[in-house]
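Data first, discussion second: the structure below is written as structure tokens.
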Amino acid sequence: MVDRKDPYRNSRFLLEIDGIVQAGFSDVTIPDISTDPIEYREGNEDTTVRKLPGLTKYGNLTLKWGITDSMELFEWRKLVIQGKTGEARKNIAVILQDEIGNEAARWNFREAWPIKYDAPDLSAKGNDVAIETIEIAHEGMDRV
């Protein structure tokens, strides 16, 4: 009988950001990767169009977490606002864990920097956790 491999649950994950210690992310949206096709046809060919690979594009990484007294991610965003983009670039890893807590999958992001910060919406009528969001651009993603 073949060993059954169940899919991993999406609720056990860690995040590593160079030089920033922040725990308790509620959501991490791992972006897509797409390559634009370039249509090409030479004059002496029939009506079939060739499709060549064009530019590869990486979507943005999005992090959400319950607001605490930690200012590290906001300070990271401020580096970009102040024009210190060289300092702001960091490597990030999103690590999916199995049920035991071992690393099951990893996505590495290169030269990442925050492009958007979204403060939580507040309401005196609710009792939800206040959620901060940061959107991160990067120059490449690898699954290892």
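Residue numbers start at 1 in each chain; chains themselves are named A, B, ... in the order of the structure tokens; ligands are numbered from 1 in the order shown.
Near Gly54 of chain A, within 10 Å and counting only C-alpha atoms, sit Ser34, Thr35, Asp36, Pro37, Ile38, Glu39, Lys51, Leu52, Thr56 and Lys57 of chain A, not including residues fewer than 2 positions from it in the same chain.
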Suppose we keep N, CA and C atoms; can you now write the selection as a compact mmCIF listing (two decimals), in the first residue's frame?
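Printed below is selection_30.txt as written:
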# COMPACT_ATOMS: atom_id res chain seq x y z
N SER A 34 4.30 35.55 -12.89
CA SER A 34 3.79 35.38 -14.25
C SER A 34 4.83 35.86 -15.26
N THR A 35 4.78 35.28 -16.44
CA THR A 35 5.66 35.67 -17.54
C THR A 35 4.79 36.07 -18.71
N ASP A 36 4.99 37.28 -19.20
CA ASP A 36 4.20 37.76 -20.33
C ASP A 36 4.66 37.08 -21.61
N PRO A 37 3.70 36.56 -22.41
CA PRO A 37 4.10 35.99 -23.70
C PRO A 37 4.25 37.10 -24.74
N ILE A 38 5.24 36.93 -25.61
CA ILE A 38 5.44 37.85 -26.73
C ILE A 38 5.10 37.09 -28.00
N GLU A 39 4.16 37.61 -28.74
CA GLU A 39 3.78 36.96 -29.99
C GLU A 39 4.72 37.43 -31.11
N LYS A 51 4.99 31.99 -29.64
CA LYS A 51 4.90 32.70 -28.36
C LYS A 51 6.22 32.52 -27.64
N LEU A 52 6.89 33.64 -27.42
CA LEU A 52 8.18 33.65 -26.76
C LEU A 52 8.01 34.22 -25.36
N THR A 56 9.28 38.50 -16.77
CA THR A 56 8.69 37.79 -15.64
C THR A 56 8.36 38.82 -14.58
N LYS A 57 7.15 38.72 -14.04
CA LYS A 57 6.68 39.67 -13.02
C LYS A 57 6.35 38.92 -11.74
field: Selection near Ala88 of chain A, 7 Å with only C-alpha atoms, sequence-local residues under 5 positions removed, as a PyMOL selection string
entry: chain A and resi 76+79-80+113
- prompt: What is the atom CA of Arg12 of chain A to atom CA of Ile95 of chain A distance in Å?
  reply: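 Interatomic distance, atom CA of Arg12 of chain A to atom CA of Ile95 of chain A: 8.5 Å.
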- prompt: Between A:Ile100, A:Ala119, A:Ala124, A:Ile136, which has the minimum distance to Thr68 of chain A (counting only C-alpha atoms)?
  reply: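 Closest to Thr68 of chain A, using only C-alpha atoms: A:Ala119.
When only C-alpha atoms are used to measure the gap to Gln97 of chain A, the shortest distance among A:Pro31, A:Asp118, A:Pro7, A:Phe13 belongs to A:Phe13.
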task: List every residue of chain A that DSSP, applied to the backbone, labels as alpha helix (DSSP H), and write the result as a PyMOL selection string.
output: chain A and resi 72-81+85-88
- request: Taking the chain letters and numbering used in this document, name the residues of chain A that DSSP puts in strand (DSSP E), as a count of residues only.
  value: 67
What's the 12 Å shell around Leu61 of chain A, counting only C-alpha atoms, without same-chain residues fewer than 4 positions away, as a JSON list (two decimals) with C-alpha atoms, in the first residue's frame?
[["chain", "number", "residue", "atom", "x", "y", "z"],
["A", 15, "LEU", "CA", 8.23, 34.54, 8.74],
["A", 27, "ASP", "CA", -2.19, 36.24, 7.29],
["A", 28, "VAL", "CA", 0.59, 36.06, 4.73],
["A", 29, "THR", "CA", -0.40, 36.31, 1.08],
["A", 30, "ILE", "CA", 2.28, 34.71, -1.09],
["A", 31, "PRO", "CA", 2.24, 36.39, -4.51],
["A", 32, "ASP", "CA", 1.99, 34.93, -7.97],
["A", 33, "ILE", "CA", 4.69, 34.79, -10.63],
["A", 92, "ILE", "CA", 12.41, 37.47, 3.57],
["A", 93, "ALA", "CA", 11.43, 33.83, 3.97],
["A", 94, "VAL", "CA", 7.94, 32.43, 4.47],
["A", 107, "TRP", "CA", 9.53, 30.69, -0.16],
["A", 108, "ASN", "CA", 12.51, 33.06, -0.27],
["A", 109, "PHE", "CA", 12.09, 36.66, -1.41],
["A", 110, "ARG", "CA", 15.06, 38.78, -2.54],
["A", 112, "ALA", "CA", 12.20, 43.09, -0.52],
["A", 113, "TRP", "CA", 11.02, 46.50, 0.67],
["A", 114, "PRO", "CA", 7.66, 47.79, 1.95],
["A", 115, "ILE", "CA", 5.59, 49.77, -0.53],
["A", 116, "LYS", "CA", 2.41, 50.24, 1.48],
["A", 133, "THR", "CA", -1.16, 45.39, 6.94],
["A", 134, "ILE", "CA", 2.07, 45.91, 5.04],
["A", 135, "GLU", "CA", 2.58, 45.24, 1.33],
["A", 136, "ILE", "CA", 6.06, 44.31, 0.17],
["A", 137, "ALA", "CA", 7.62, 44.50, -3.29],
["A", 138, "HIS", "CA", 10.56, 42.23, -4.12],
["A", 139, "GLU", "CA", 12.85, 41.28, -6.97],
["A", 140, "GLY", "CA", 12.40, 37.54, -7.03],
["A", 141, "MET", "CA", 10.87, 34.56, -5.31]]
task: Can you work out the spacing between atom CA of Glu87 of chain A and atom CA of Tyr58 of chain A in Å, to one decimal?
output: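 A separation of 21.3 Å between them.
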- prompt: Could you name the residues that touch Asp18 of chain A at 9 Å or less, counting only C-alpha atoms, but leaving out those on the same chain fewer than 2 positions away, as a PyMOL selection string?
  reply: chain A and resi 16+20-21+90-92
- line: The residue from A:Gly24, A:Asp6, A:Ala105, A:Lys78 with the smallest atom-to-atom distance to Lys64 of chain A, counting only C-alpha atoms, is A:Gly24
